[in-house]
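Containing mmCIF, C-alpha atoms: query.cif.
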data_data
loop_
_atom_site.label_atom_id
_atom_site.label_comp_id
_atom_site.auth_asym_id
_atom_site.auth_seq_id
_atom_site.Cartn_x
_atom_site.Cartn_y
_atom_site.Cartn_z
CA MET A 5 -45.03 18.09 -103.55
CA LEU A 6 -44.38 15.04 -105.77
CA TYR A 7 -42.68 17.31 -108.30
CA VAL A 8 -40.38 18.70 -105.61
CA LEU A 9 -39.49 15.20 -104.34
CA SER A 10 -38.94 14.00 -107.88
CA ALA A 11 -36.66 16.96 -108.63
CA TYR A 12 -34.78 16.41 -105.35
CA LYS A 13 -34.33 12.72 -106.16
CA SER A 14 -33.11 13.61 -109.66
CA ASN A 15 -30.55 16.04 -108.19
CA ILE A 16 -29.28 13.33 -105.85
CA LEU A 17 -28.98 10.84 -108.72
CA PHE A 18 -27.23 13.43 -110.89
CA SER A 19 -24.85 14.35 -108.04
CA SER A 20 -24.11 10.65 -107.46
CA PHE A 21 -23.44 10.19 -111.17
CA ILE A 22 -21.08 13.18 -111.24
CA PHE A 23 -19.29 11.94 -108.09
CA SER A 24 -18.86 8.42 -109.52
CA LEU A 25 -17.62 9.93 -112.79
CA ILE A 26 -15.05 12.06 -110.95
CA MET A 27 -13.89 9.02 -108.97
CA SER A 28 -13.52 7.06 -112.22
CA PHE A 29 -11.40 9.86 -113.67
CA LYS A 30 -9.32 9.91 -110.47
CA LYS A 31 -8.67 6.19 -110.84
CA LEU A 32 -7.70 6.78 -114.46
CA ASN A 33 -5.30 9.54 -113.41
CA HIS A 34 -3.78 7.36 -110.68
CA PHE A 35 -3.35 4.49 -113.14
CA ALA A 36 -1.82 6.85 -115.73
CA THR A 37 0.56 8.20 -113.08
CA LEU A 38 1.60 4.68 -112.10
CA LEU A 39 2.25 3.69 -115.72
CA PHE A 40 4.26 6.84 -116.39
CA LEU A 41 6.45 6.48 -113.29
CA MET A 42 7.03 2.77 -113.89
CA SER A 43 7.96 3.37 -117.54
CA ILE A 44 10.61 5.92 -116.52
CA MET A 45 12.04 3.76 -113.71
CA THR A 46 11.95 0.48 -115.64
CA PHE A 47 12.96 1.74 -119.10
CA PRO A 48 15.33 4.69 -118.59
CA ARG A 49 16.87 5.87 -121.87
CA SER A 50 14.69 3.33 -123.72
CA PHE A 51 11.33 3.16 -125.50
CA ILE A 52 10.84 6.92 -125.81
CA GLU A 53 7.61 6.54 -127.79
CA LEU A 54 6.02 4.36 -125.09
CA LYS A 55 6.96 6.79 -122.32
CA LEU A 56 5.66 9.69 -124.37
CA VAL A 57 2.25 7.99 -124.64
CA PHE A 58 2.16 7.45 -120.86
CA LEU A 59 3.30 11.04 -120.28
CA VAL A 60 0.47 12.43 -122.44
CA LEU A 61 -2.05 10.17 -120.67
CA PHE A 62 -0.67 11.29 -117.29
CA ILE A 63 -0.91 14.99 -118.14
CA PHE A 64 -4.29 14.98 -119.85
CA SER A 65 -5.99 12.69 -117.34
CA TYR A 66 -5.36 15.24 -114.59
CA PRO A 67 -7.92 17.93 -115.65
CA LEU A 68 -10.60 15.21 -115.70
CA SER A 69 -9.84 14.10 -112.15
CA SER A 70 -9.46 17.43 -110.32
CA ARG A 71 -11.26 20.76 -110.20
CA ARG A 72 -8.25 22.98 -109.68
CA LEU A 73 -4.48 22.97 -109.99
CA THR A 74 -2.30 24.02 -107.06
CA ILE A 75 0.98 25.71 -107.95
CA TYR A 76 3.86 25.12 -105.53
CA PRO A 77 6.48 27.90 -105.31
CA GLU A 78 9.09 25.38 -104.13
CA VAL A 79 8.87 23.56 -107.47
CA ILE A 80 8.75 26.72 -109.60
CA ILE A 81 11.74 28.34 -107.87
CA PHE A 82 13.84 25.16 -108.03
CA TYR A 83 13.39 24.57 -111.74
CA CYS A 84 13.54 28.23 -112.77
CA PHE A 85 16.87 28.50 -110.94
CA VAL A 86 18.17 25.37 -112.70
CA ALA A 87 16.97 26.69 -116.08
CA LEU A 88 18.66 30.04 -115.41
CA ILE A 89 21.96 28.32 -114.62
CA GLY A 90 21.62 26.24 -117.79
CA SER A 91 21.00 29.33 -119.90
CA ILE A 92 23.96 31.27 -118.48
CA TRP A 93 26.46 28.43 -118.90
CA SER A 94 25.23 27.73 -122.43
CA VAL A 95 26.29 31.28 -123.31
CA ILE A 96 29.64 30.73 -121.56
CA GLY A 97 30.11 27.58 -123.64
CA ILE A 98 29.55 29.61 -126.81
CA PHE A 99 32.19 32.16 -125.76
CA ASN A 100 34.67 29.37 -124.99
CA GLY A 101 34.20 27.73 -128.39
CA GLY A 102 32.10 24.78 -127.26
CA ALA A 103 30.57 22.44 -129.84
CA LEU A 104 27.11 23.70 -130.81
CA HIS A 105 25.67 20.20 -130.63
CA GLY A 106 26.98 19.80 -127.09
CA ILE A 107 25.66 23.23 -126.08
CA SER A 108 22.21 22.50 -127.53
CA ASP A 109 22.07 19.09 -125.79
CA SER A 110 22.99 20.63 -122.45
CA PHE A 111 20.58 23.53 -122.97
CA ARG A 112 17.78 21.02 -123.58
CA LEU A 113 18.78 19.09 -120.44
CA TRP A 114 19.05 22.09 -118.13
CA VAL A 115 16.32 24.35 -119.58
CA PHE A 116 13.73 22.42 -121.58
CA TRP A 117 13.70 19.42 -119.27
CA SER A 118 13.53 21.71 -116.23
CA PHE A 119 10.27 23.20 -117.48
CA ALA A 120 9.00 19.71 -118.35
CA TYR A 121 9.73 18.47 -114.83
CA MET A 122 8.21 21.62 -113.37
CA ILE A 123 4.91 20.41 -114.86
CA ILE A 124 5.46 16.74 -113.97
CA ILE A 125 6.38 17.35 -110.31
CA THR A 126 3.50 19.84 -109.92
CA LEU A 127 1.01 17.27 -111.22
CA LEU A 128 2.55 14.56 -109.02
CA ARG A 129 2.15 16.79 -105.98
CA ASN A 130 -1.49 17.65 -106.74
CA ASP A 131 -3.90 15.03 -105.39
CA ASP A 132 -0.96 13.65 -103.37
CA LYS A 133 0.70 10.85 -105.36
CA MET A 134 3.14 9.75 -102.62
CA LYS A 135 1.55 6.31 -102.23
CA ILE A 136 1.56 5.83 -106.01
CA ILE A 137 5.29 6.65 -106.04
CA HIS A 138 5.79 3.88 -103.47
CA ILE A 139 3.85 1.38 -105.59
CA ALA A 140 5.74 2.43 -108.74
CA ILE A 141 9.10 1.91 -107.02
CA THR A 142 8.03 -1.52 -105.71
CA LEU A 143 6.71 -2.82 -109.04
CA SER A 144 9.58 -1.30 -111.04
CA GLY A 145 12.09 -3.16 -108.87
CA ILE A 146 10.39 -6.47 -109.68
CA LEU A 147 10.17 -5.69 -113.41
CA ILE A 148 13.84 -4.65 -113.62
CA PHE A 149 14.83 -7.94 -111.98
CA LEU A 150 12.67 -10.03 -114.32
CA ILE A 151 13.91 -8.20 -117.45
CA ASN A 152 17.58 -8.62 -116.56
CA ILE A 153 17.31 -12.22 -115.37
CA PHE A 154 15.36 -13.20 -118.47
CA GLY A 155 17.96 -11.39 -120.57
CA LEU A 156 20.79 -13.18 -118.75
CA CYS A 157 19.17 -16.59 -119.33
CA ASN A 158 18.58 -15.70 -122.96
CA TYR A 159 22.27 -14.79 -123.33
CA TYR A 160 23.73 -17.71 -121.36
CA PHE A 161 21.63 -20.43 -122.98
CA ASN A 162 21.63 -18.68 -126.39
CA LEU A 163 17.83 -18.90 -126.58
CA GLY A 164 17.35 -16.12 -129.13
CA LEU A 165 14.04 -15.08 -127.53
CA ILE A 166 14.85 -11.35 -127.49
CA SER A 167 15.34 -9.44 -130.72
CA GLN A 168 18.52 -7.49 -131.33
CA ASP A 169 16.51 -4.26 -131.55
CA ILE A 170 15.16 -4.72 -128.01
CA LEU A 171 18.58 -5.74 -126.68
CA LYS A 172 20.07 -2.60 -128.19
CA GLU A 173 17.21 -0.39 -126.93
CA LEU A 174 17.60 -1.64 -123.35
CA LYS A 175 21.41 -1.93 -123.69
CA LEU A 176 20.82 -5.42 -122.34
CA ASN A 177 24.39 -6.65 -122.66
CA PHE A 178 26.08 -9.29 -120.52
CA GLY A 179 29.61 -10.41 -119.89
CA ILE A 180 30.25 -13.65 -118.01
CA HIS A 181 33.81 -13.50 -116.71
CA LYS A 182 35.74 -15.76 -114.43
CA GLY A 183 34.52 -14.88 -110.93
CA TYR A 184 31.82 -12.34 -111.80
CA ILE A 185 29.07 -11.29 -114.22
CA GLN A 186 28.83 -7.87 -115.89
CA ILE A 187 25.38 -6.42 -116.69
CA THR A 188 25.21 -3.11 -118.56
CA SER A 189 21.45 -2.53 -119.01
CA HIS A 190 20.20 1.04 -118.65
CA ASN A 191 17.71 0.17 -115.92
CA ILE A 192 20.42 -1.01 -113.51
CA GLY A 193 20.88 2.72 -112.86
CA SER A 194 17.41 2.88 -111.28
CA LEU A 195 18.54 0.42 -108.60
CA PHE A 196 20.71 3.16 -107.07
CA PHE A 197 17.39 4.75 -106.06
CA ILE A 198 15.07 1.75 -105.70
CA ILE A 199 17.16 -0.48 -103.42
CA PRO A 200 17.99 2.16 -100.74
CA TYR A 201 14.32 3.20 -100.75
CA LEU A 202 13.13 -0.38 -100.15
CA ILE A 203 15.77 -1.01 -97.47
CA SER A 204 14.69 2.18 -95.68
CA ILE A 205 11.02 1.10 -95.76
CA HIS A 206 11.92 -2.21 -94.11
CA PHE A 207 14.03 -0.52 -91.44
CA ARG A 208 11.14 1.55 -90.06
CA GLN A 209 8.63 0.62 -87.36
CA ASP A 210 5.88 2.74 -88.93
CA ALA A 211 6.06 1.07 -92.36
CA ASP A 212 4.09 -2.10 -91.59
CA ARG A 213 1.35 -1.23 -94.09
CA LEU A 214 3.94 -0.41 -96.73
CA SER A 215 6.31 -3.36 -96.26
CA SER A 216 3.88 -5.86 -97.80
CA SER A 217 4.83 -9.21 -99.33
CA LEU A 218 5.18 -7.51 -102.72
CA THR A 219 7.57 -4.92 -101.28
CA LYS A 220 9.63 -7.66 -99.63
CA ILE A 221 9.81 -9.58 -102.91
CA SER A 222 10.93 -6.41 -104.70
CA LEU A 223 13.70 -5.85 -102.13
CA LEU A 224 14.88 -9.46 -102.37
CA PHE A 225 14.89 -9.41 -106.18
CA THR A 226 16.67 -6.07 -106.54
CA VAL A 227 19.39 -6.88 -103.97
CA LEU A 228 19.98 -10.21 -105.71
CA LEU A 229 20.25 -8.47 -109.08
CA ALA A 230 22.66 -5.90 -107.62
CA ALA A 231 24.83 -8.71 -106.23
CA ILE A 232 25.20 -10.43 -109.61
CA SER A 233 25.34 -7.24 -111.72
CA GLY A 234 29.09 -6.69 -111.38
CA ARG A 235 28.40 -2.98 -110.80
CA ARG A 236 30.91 -1.95 -108.13
CA ALA A 237 29.34 1.45 -107.38
CA LEU A 238 25.99 -0.27 -106.83
CA TRP A 239 27.57 -2.73 -104.42
CA LEU A 240 28.92 0.15 -102.36
CA VAL A 241 25.58 1.97 -102.33
CA VAL A 242 23.75 -1.16 -101.15
CA VAL A 243 26.32 -1.84 -98.43
CA PHE A 244 26.29 1.74 -97.17
CA ALA A 245 22.49 2.21 -97.44
CA PRO A 246 21.86 1.26 -93.78
CA LEU A 247 24.46 3.82 -92.68
CA ILE A 248 22.79 6.51 -94.81
CA ILE A 249 19.46 5.53 -93.22
CA ALA A 250 21.00 5.83 -89.76
CA ALA A 251 22.50 9.23 -90.61
CA PHE A 252 19.23 10.71 -91.91
CA SER A 253 17.29 9.16 -89.02
CA HIS A 254 19.62 10.94 -86.63
CA ILE A 255 19.52 14.24 -88.53
CA THR A 256 15.71 14.21 -88.71
CA GLY A 257 15.32 13.14 -85.07
CA SER A 258 13.50 9.93 -86.00
CA THR A 259 15.96 7.33 -84.72
CA ASN A 260 13.29 6.07 -82.33
CA LEU A 261 11.21 5.00 -85.36
CA LEU A 262 13.85 2.52 -86.52
CA LYS A 263 13.15 -1.12 -85.73
CA LYS A 264 15.27 -2.62 -82.96
CA ASN A 265 16.65 -5.23 -85.36
CA SER A 266 17.52 -2.44 -87.79
CA LYS A 267 19.60 -0.70 -85.13
CA ARG A 268 21.49 -3.94 -84.47
CA ILE A 269 22.09 -4.42 -88.20
CA ILE A 270 23.47 -0.88 -88.47
CA ASN A 271 25.82 -1.38 -85.50
CA ILE A 272 27.04 -4.72 -86.85
CA LEU A 273 27.44 -3.21 -90.30
CA ILE A 274 29.60 -0.35 -88.98
CA ILE A 275 31.98 -2.87 -87.43
CA ALA A 276 31.90 -5.11 -90.52
CA ILE A 277 32.62 -2.19 -92.88
CA ALA A 278 35.54 -1.10 -90.71
CA PHE A 279 37.07 -4.59 -90.88
CA PHE A 280 36.25 -4.85 -94.58
CA LEU A 281 37.95 -1.56 -95.43
CA PHE A 282 40.97 -2.53 -93.34
CA GLY A 283 41.13 -5.92 -95.06
CA ILE A 284 40.74 -4.42 -98.55
CA ALA A 285 43.44 -1.82 -97.85
CA PHE A 286 45.74 -4.66 -96.75
CA LEU A 287 44.94 -6.90 -99.74
CA PHE A 288 45.34 -4.04 -102.22
CA ARG A 289 49.00 -3.92 -101.23
CA LYS A 290 49.43 -7.63 -101.93
CA ASP A 291 49.51 -9.65 -105.12
CA THR A 292 45.94 -10.91 -105.53
CA SER A 293 46.09 -11.93 -109.19
CA ASP A 294 44.49 -15.29 -108.37
CA ILE A 295 41.41 -13.66 -106.77
CA VAL A 296 39.28 -12.58 -109.74
CA PHE A 297 36.56 -10.85 -107.73
CA LEU A 298 39.08 -8.73 -105.83
CA ASN A 299 40.87 -7.84 -109.06
CA HIS A 300 37.56 -6.65 -110.50
CA LEU A 301 37.08 -4.44 -107.42
CA LYS A 302 40.68 -3.17 -107.54
CA SER A 303 40.42 -2.24 -111.21
CA ALA A 304 38.01 0.58 -110.31
CA PHE A 305 40.87 2.31 -108.49
CA SER A 306 43.55 1.52 -111.05
CA SER A 307 45.39 4.39 -112.70
CA LEU A 308 44.61 2.65 -116.01
CA ASP A 309 40.86 2.85 -115.46
CA ALA A 310 39.14 5.29 -117.85
CA ARG A 311 37.51 7.17 -114.98
CA SER A 312 40.83 7.60 -113.20
CA ILE A 313 42.39 8.94 -116.39
CA GLN A 314 39.61 11.43 -117.16
CA LYS A 315 39.73 12.74 -113.59
CA GLY A 316 43.10 14.37 -114.23
CA TYR A 317 41.98 15.87 -117.54
CA LEU A 318 38.81 17.32 -116.00
CA PHE A 319 40.74 18.88 -113.12
CA ASP A 320 43.33 20.36 -115.47
CA GLY A 321 40.47 21.69 -117.59
CA PHE A 322 38.97 23.29 -114.49
CA LEU A 323 42.26 25.08 -113.82
CA LYS A 324 41.98 26.67 -117.29
CA TYR A 325 38.53 28.08 -116.44
CA PRO A 326 38.52 28.21 -112.61
CA ILE A 327 35.99 30.99 -111.98
CA LEU A 328 33.11 30.47 -114.44
CA GLY A 329 34.15 27.12 -115.90
CA SER A 330 34.32 26.07 -119.54
CA GLY A 331 30.58 26.18 -120.14
CA PHE A 332 28.79 23.48 -122.12
CA GLY A 333 30.12 21.65 -125.16
CA VAL A 334 33.83 22.00 -124.34
CA SER A 335 36.10 18.95 -124.28
CA ALA A 336 38.61 18.47 -121.46
CA GLY A 337 41.11 16.99 -123.91
CA TYR A 338 40.42 13.31 -123.23
CA LEU A 339 38.18 11.51 -125.73
CA ARG A 340 35.66 9.29 -123.97
CA SER A 341 32.92 9.33 -126.62
CA GLU A 342 33.21 9.87 -130.36
CA LYS A 343 29.62 11.14 -130.53
CA ALA A 344 29.88 13.43 -127.50
CA PRO A 345 33.55 14.29 -126.75
CA TRP A 346 32.39 16.89 -124.20
CA LEU A 347 30.81 14.29 -121.87
CA TYR A 348 32.41 12.18 -119.14
CA GLU A 349 31.32 9.63 -116.50
CA LEU A 350 32.64 11.54 -113.48
CA THR A 351 29.58 13.70 -112.83
CA TYR A 352 30.91 16.03 -110.16
CA HIS A 353 34.30 16.54 -111.81
CA GLN A 354 32.42 17.43 -114.99
CA ILE A 355 30.27 19.93 -113.06
CA LEU A 356 33.41 21.56 -111.68
CA PHE A 357 34.94 21.66 -115.17
CA ASN A 358 31.79 23.05 -116.86
CA PHE A 359 30.63 25.47 -114.14
CA GLY A 360 33.78 26.54 -112.34
CA ILE A 361 33.76 27.77 -108.76
CA VAL A 362 30.81 30.15 -109.21
CA GLY A 363 28.48 27.73 -111.02
CA THR A 364 29.37 24.77 -108.80
CA PHE A 365 28.70 26.89 -105.72
CA LEU A 366 25.28 27.92 -107.06
CA ILE A 367 24.27 24.35 -107.94
CA PHE A 368 25.35 22.80 -104.65
CA SER A 369 23.88 25.71 -102.66
CA LEU A 370 20.49 25.07 -104.29
CA PHE A 371 20.57 21.39 -103.39
CA ILE A 372 21.82 21.98 -99.85
CA LEU A 373 19.13 24.63 -99.26
CA TYR A 374 16.34 22.32 -100.43
CA LEU A 375 17.82 19.41 -98.51
CA TYR A 376 17.77 21.59 -95.39
CA PHE A 377 14.10 22.51 -95.98
CA VAL A 378 13.11 18.86 -96.42
CA ILE A 379 14.96 17.80 -93.26
CA LEU A 380 13.13 20.54 -91.31
CA LEU A 381 9.78 19.35 -92.67
CA ILE A 382 10.51 15.75 -91.71
CA ARG A 383 11.61 16.81 -88.22
CA ARG A 384 8.26 18.60 -87.79
CA ASN A 385 6.27 15.62 -89.09
CA LYS A 386 8.27 12.59 -87.96
CA ASN A 387 5.30 10.31 -87.36
CA GLU A 388 4.11 10.49 -90.98
CA SER A 389 7.46 10.68 -92.70
CA VAL A 390 8.27 7.04 -93.55
CA ILE A 391 7.90 7.44 -97.34
CA ALA A 392 9.46 10.91 -97.28
CA ILE A 393 12.59 9.86 -95.42
CA SER A 394 12.90 6.73 -97.56
CA ILE A 395 12.77 8.86 -100.71
CA LEU A 396 15.37 11.18 -99.17
CA VAL A 397 17.67 8.22 -98.44
CA ALA A 398 17.15 6.98 -102.00
CA PHE A 399 17.82 10.45 -103.43
CA PHE A 400 21.12 10.77 -101.57
CA SER A 401 22.14 7.21 -102.53
CA PHE A 402 21.39 7.97 -106.17
CA LEU A 403 23.67 11.02 -105.99
CA ILE A 404 26.45 8.74 -104.71
CA GLY A 405 25.87 6.38 -107.65
CA ALA A 406 25.93 9.33 -110.03
CA TYR A 407 29.52 10.14 -108.99
CA SER A 408 30.98 7.71 -111.54
CA ASN A 409 27.97 7.35 -113.84
CA PRO A 410 26.54 10.09 -116.10
CA TYR A 411 22.97 9.62 -114.86
CA LEU A 412 22.28 13.33 -114.40
CA GLY A 413 22.54 13.80 -118.16
CA SER A 414 19.38 11.81 -118.86
CA PHE A 415 15.74 12.98 -118.83
CA ASP A 416 14.53 9.78 -117.15
CA PHE A 417 16.99 9.81 -114.26
CA LEU A 418 16.11 13.45 -113.54
CA LEU A 419 12.90 12.07 -112.02
CA TYR A 420 14.94 11.09 -108.95
CA ILE A 421 16.38 14.60 -108.70
CA GLY A 422 12.81 15.95 -108.87
CA MET A 423 12.01 14.14 -105.64
CA LEU A 424 13.86 16.85 -103.70
CA PRO A 425 11.60 19.80 -104.70
CA TYR A 426 8.67 17.36 -104.51
CA LEU A 427 9.37 16.62 -100.83
CA ALA A 428 9.88 20.34 -100.14
CA THR A 429 6.22 21.08 -100.98
CA TYR A 430 4.77 19.20 -97.99
CA GLN A 431 4.52 22.19 -95.67
CA ASN A 432 1.53 20.67 -93.83
CA GLY A 433 2.96 17.22 -93.26
CA TYR A 434 3.53 13.97 -95.12
CA SER A 435 0.12 12.33 -95.02
CA TYR A 436 -0.76 9.47 -97.35
CA ASN A 437 -3.14 6.55 -97.74
CA THR A 438 -1.62 3.59 -95.87
CA THR A 439 -3.70 0.85 -97.48
CA ARG A 440 -1.61 -2.24 -98.12
CA ILE A 441 -0.66 -3.04 -101.69
#
Once more with this new file: its structure as structure tokens, please.
Amino acid sequence: MLYVLSAYKSNILFSSFIFSLIMSFKKLNHFATLLFLMSIMTFPRSFIELKLVFLVLFIFSYPLSSRRLTIYPEVIIFYCFVALIGSIWSVIGIFNGGALHGISDSFRLWVFWSFAYMIIITLLRNDDKMKIIHIAITLSGILIFLINIFGLCNYYFNLGLISQDILKELKLNFGIHKGYIQITSHNIGSLFFIIPYLISIHFRQDADRLSSSLTKISLLFTVLLAAISGRRALWLVVVFAPLIIAAFSHITGSTNLLKKNSKRIINILIIAIAFFLFGIAFLFRKDTSDIVFLNHLKSAFSSLDARSIQKGYLFDGFLKYPILGSGFGVSAGYLRSEKAPWLYELTYHQILFNFGIVGTFLIFSLFILYLYFVILLIRRNKNESVIAISILVAFFSFLIGAYSNPYLGSFDFLLYIGMLPYLATYQNGYSYNTTRI
């Protein structure tokens, strides 16, 4: 009898040890996930070696923390389709005499990185990492603010506290002009996703456990950084974020979950934007040479602006290859980069030029189809959708920012695109741990 009790007690102790070990590995995996996501959001296009270490830790910590791996068809189909498109238009680029270096770069972006993100998004979806994504966004916003403000102080006061290698790696350059500041750091691009996400969180009634003091600080810091960044596209995204929130709330049938104050802000903002656009249209017709800020805003629409110039070249290039496009590696005739003469800032004009009518239709059909699926899922699970709809708002805002910035050509920024197939996998609802951070 004593032997049986002793054996039973030993089994319990062994089971407890195994359970505690598994929980430790889960914590390790969650921590590795957080580090990996924050490194991508905070250091896009920078510190590749550091992100590679976090990526390896993220991938290899998963088998220790989970017994099985769930494969999601929504993720597989999305990325296989993207990889197929990339393969086909690489061949078209070869036929049209595209530069081999440009074709290989685009092939890596559309094919290799698609399979990489197929693995990353699958691992993110296993053991539901939605709350960790929220924490990563919040902390990344604070870090991006601190890095850029410290860099600005270092530049303005000529402190010399940051080495030239780090400045170059982060592209942490500043221009202090009369009436505005210009910040060119790579991680400003992440704010196109982070700020709309944080605004959306604070607009919802059901986000009390998510809108902690840390989240509020992150929102305050990132909006302040956006205001002083001199990035005109970012200003527009921040201003229009409440309207995007209102639109998706209406589409998903969750308007009732917006805070009352949020509804008032949206209504006031609609009126303010209408007056603002009317005022800007009026001032653009007048001589405003003495208003530096307005001149900076007007220059984005000038016919002398590089983006305005390349728009005509890209459209003319599209007319040369209207059906299947030019393929990868082909220049539109306007030199924007000595190293990569086939690349331009106007993302969607470049897509039309590279892919033609057929390819552009396929790409946008894929995104619209997945967007439709996600909206249906949110409509079915409105009461648990606060993070999901905030990510959707951020995703759409990021696409707006990508119009005049070549963000979709970078591995790091593709994380935000991966949020669409990620959200499409929640067929049983968007549940998550609501513990405050």
query = Applied to this file, what does the PyMOL selection byres ((chain A and resi 374) around 12) return in terms of residues, put as a ChimeraX atom specification?
reply = /A:78-79,81-83,367-373,375-381,396,421-429
task = To verify the selection step, state as a VMD selection string which residues the PyMOL selection byres ((chain A and resi 34-37) around 8) yields on this input.
result = chain A and resid 30 to 33 38 to 41 58 61 to 62 65 128 133 136
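Reported to one decimal place, the separation of CA of Gly90 (chain A) from CA of Tyr66 (chain A) is 29.3 Å.
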request  = Would you translate the PyMOL selection byres ((chain A and resi 361-366) around 9) into the concrete set of residues it matches in this file, as a list of chain:residue names?
outcome  =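 Residues picked by the PyMOL selection byres ((chain A and resi 361-366) around 9): A:Ile89, A:Trp93, A:Phe322, A:Pro326, A:Ile327, A:Leu328, A:Gly329, A:Tyr352, A:Ile355, A:Leu356, A:Phe357, A:Asn358, A:Phe359, A:Gly360, A:Ile367, A:Phe368, A:Ser369, A:Leu370, A:Phe371.
The interatomic distance for the pair CA of Ala344 (chain A) and CA of His105 (chain A) works out to 8.6 Å.
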message = So that I can see what lies close to Leu229 (chain A), please list as a PyMOL selection string the residues with an atom at most 12 Å from it, counting only C-alpha atoms and leaving out residues fewer than 4 positions away in the same chain.
response = chain A and resi 145-154+156+185-189+191-196+198-199+222-225+233-235+238-239+242
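With all atoms listed in the file as the atoms that count, the minimum distance from Leu318 (chain A) to the choices A:His353, A:Phe178, A:Thr226, A:Pro345 is reached by A:His353.
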message = Nearest residue to His190 (chain A) out of A:Lys172, A:Lys386, A:His206, A:Arg112, using only C-alpha atoms?
response =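 Among A:Lys172, A:Lys386, A:His206, A:Arg112, it is A:Lys172 that comes nearest to His190 (chain A).
Proximity to Lys55 (chain A) was assessed for A:Arg208, A:Phe415, A:Tyr160, A:Leu165 counting all atoms listed in the file; the smallest distance is recorded for A:Phe415.
Neighbouring residues of Ala211 (chain A) at 10 Å or closer, counting only C-alpha atoms and skipping chain neighbours under 6 positions away, are A:Ser204, A:Ile205, A:Leu261, A:Leu262, A:Lys263, A:Glu388, A:Ser389, A:Val390, A:Ile391, A:Thr438.
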inquiry  = Nearest residue to Leu113 (chain A) out of A:Ser330, A:Ser94, A:Ser144, A:Asn385, using all atoms listed in the file?
reply    =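 Residue with the minimum atom-to-atom distance to Leu113 (chain A): A:Ser94.
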key: For CA of Leu143 (chain A) and CA of Tyr420 (chain A), the interatomic separation in Å (one decimal)   = 16.2 Å
Given only C-alpha atoms as the counted atoms, nearest of A:Ala278, A:Asn162, A:Ile141, A:Ala245 to Thr219 (chain A) =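 Distance minimum relative to Thr219 (chain A) lands on A:Ile141.
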query = For Ile395 (chain A), which residue out of A:Arg383, A:Arg49, A:Lys135, A:Arg72 is the nearest one, using all atoms listed in the file?
reply =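 Once distances to Ile395 (chain A) are computed over all atoms listed in the file, the minimum belongs to A:Lys135.
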request  = Around the point (0.7, 19.8, -121.7), in the coordinates given by the file, pick out the residues reaching within 9 Å, counting only C-alpha atoms, and return them as a VMD selection string.
outcome  = chain A and resid 60 63 to 64 120 123
Spatial neighbours of Tyr201 (chain A), max dist 7 Å, all atoms listed in the file, sep filter under 6 positions, as a list in words =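 In the requested format, the answer is Ser394, Ile395, Val397 and Ala398 of chain A.
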